[in-house]
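The next block holds one structure in the form of structure tokens; read it before the comments.
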Amino acid sequence: MLIFRRPAFTLIEVITVATIITILIAISIATYGHLRASARDSRRVLNITQIQSALAAYHRDLGAYPATITASSPLAAGNQIYLNKVPSNPTPVEESCQSWPEYSYMAMGTEPNFSSYQLTFCLASDTAELSAGVHVATPNGIN
């Protein structure tokens, strides 16, 4: 009597493949989280430069910076809209930036002639030639 054996995987082969798949999934999840954090930092830099551009136009037209700006509200004066919606800090905020969960705007000078401003924000990682940490944007740039 002839016995035919069907080819099959051994238990060791199945465990090896399962281990390799688990390692690949773990690496993918870690990479994906890092990419999302980097994207949020890039978005922060873009937001700050948009706000700076709107503030420069505001100052050019009115000769002073606004006393306050509010996230999710327009930056406008009279009928002129400089920014339809002031951007807010992307969420979630990374652990290293918990002390700066939102952008912080402060007009400098005497009211109503604010001659400068400071816009403070935090980056979790090195982004666009800026190091990780707290940065201050002014009319002269970001430092």
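The chains in the structure tokens are called A, B, ... from first to last as shown; in each chain the residues are counted from 1, and the ligands are counted from 1 in the order shown.
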
Using backbone DSSP assignments, extract all strand (DSSP E) residues from chain A; output them as a short mmCIF file (atom, residue, chain, number, x, y, z; two decimals) with C-alpha atoms, in the first residue's frame.
```cif
data_model
loop_
_atom_site.label_atom_id
_atom_site.label_comp_id
_atom_site.auth_asym_id
_atom_site.auth_seq_id
_atom_site.Cartn_x
_atom_site.Cartn_y
_atom_site.Cartn_z
CA LEU A 75 -7.49 88.17 11.31
CA ALA A 76 -9.24 91.21 9.90
CA ALA A 77 -9.51 94.97 10.20
CA GLN A 80 -9.99 93.74 4.95
CA ILE A 81 -9.43 90.08 5.83
CA TYR A 82 -5.76 89.18 6.24
CA LEU A 83 -6.29 85.56 7.27
CA SER A 104 1.12 82.11 21.99
CA TYR A 105 0.83 85.62 20.48
CA MET A 106 1.92 88.75 22.33
CA ALA A 107 1.86 92.25 20.84
CA MET A 108 4.83 94.42 21.80
CA GLY A 109 4.77 98.19 22.26
CA THR A 110 2.16 100.60 23.55
CA ASN A 113 0.61 101.34 18.21
CA PHE A 114 2.02 97.85 18.67
CA SER A 115 5.33 97.96 16.83
CA SER A 116 6.27 94.29 17.13
CA TYR A 117 5.03 90.88 18.26
CA GLN A 118 6.23 87.55 19.58
CA LEU A 119 4.60 84.34 18.41
CA THR A 120 5.79 81.38 20.48
CA PHE A 121 5.48 77.77 19.37
CA CYS A 122 7.14 74.40 20.00
CA LEU A 123 8.56 71.75 17.68
CA GLY A 133 12.13 72.95 21.19
CA VAL A 134 10.47 76.29 21.79
CA HIS A 135 10.84 79.00 19.13
CA VAL A 136 9.78 82.62 18.89
CA ALA A 137 8.62 84.20 15.63
CA THR A 138 8.96 87.98 15.32
CA GLY A 141 11.95 85.89 11.43
CA ILE A 142 11.97 82.77 13.55
#
```

Exercise for the section: Could you check which of A:Thr68, A:Ile51, A:Ala124, A:Arg44 is closest to A:Glu95, using only C-alpha atoms? Expected result: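 The closest residue to A:Glu95 is A:Ala124.
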
Fill in the blank from the handout: Using only C-alpha atoms, the shortest atom-to-atom distance to A:Ser42 among A:Ser96, A:Ser125, A:Thr10, A:Asn140 belongs to A:Ser125

Practice task
May I ask which of the residues A:Gly63, A:Arg43, A:Leu130, A:Glu111 is the closest one to A:Pro87, counting only C-alpha atoms?
Solution key: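 Closest to A:Pro87 of all the choices is A:Arg43.
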
Practice task
Write out as a list in words the residues lying within 9 Å of A:Ala71, counting only C-alpha atoms and excluding same-chain residues fewer than 4 positions away.
Solution key: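 Final neighbour list, sorted by chain and number: Lys85, Val86, Pro87, Ser88, Asn89, Glu102 and Tyr103 of chain A.
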
Problem - stretch 45-87 of chain A: residues DSSP assigns to alpha helix (DSSP H), reported as a list in words - result: Val45, Leu46, Asn47, Ile48, Thr49, Gln50, Ile51, Gln52, Ser53, Ala54, Leu55, Ala56, Ala57, Tyr58, His59, Arg60, Asp61 and Leu62 of chain A

Take the residues from that selection and write them out as a tab-separated table (two decimals), in the first residue's frame, keeping C-alpha atoms.
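Now in part-v8.tsv:
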```tsv
chain	number	residue	atom	x	y	z
A	45	VAL	CA	6.15	75.79	10.72
A	46	LEU	CA	3.74	76.40	7.83
A	47	ASN	CA	1.10	77.79	10.22
A	48	ILE	CA	3.58	80.20	11.79
A	49	THR	CA	4.78	81.48	8.40
A	50	GLN	CA	1.16	82.00	7.30
A	51	ILE	CA	0.43	83.98	10.46
A	52	GLN	CA	3.63	86.00	9.98
A	53	SER	CA	2.64	86.87	6.39
A	54	ALA	CA	-0.83	87.97	7.49
A	55	LEU	CA	0.63	90.05	10.33
A	56	ALA	CA	3.10	91.71	7.92
A	57	ALA	CA	0.23	92.71	5.60
A	58	TYR	CA	-1.80	93.95	8.58
A	59	HIS	CA	1.15	96.07	9.75
A	60	ARG	CA	1.79	97.38	6.22
A	61	ASP	CA	-1.83	98.58	5.90
A	62	LEU	CA	-2.45	99.83	9.45
```

Exercise for the section: Return the single residue from A:Thr31, A:Gln98, A:Glu13, A:Asn84 that is closest to A:Ser72, with distances computed using only C-alpha atoms. Expected result: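 Smallest separation from A:Ser72 among the options: A:Asn84.
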
Handout entry: Interatomic distance, atom CA of A:Gly33 to atom CA of A:Pro92 (Å, one decimal)
Key =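 Atom-to-atom, atom CA of A:Gly33 to atom CA of A:Pro92, that is 11.5 Å.
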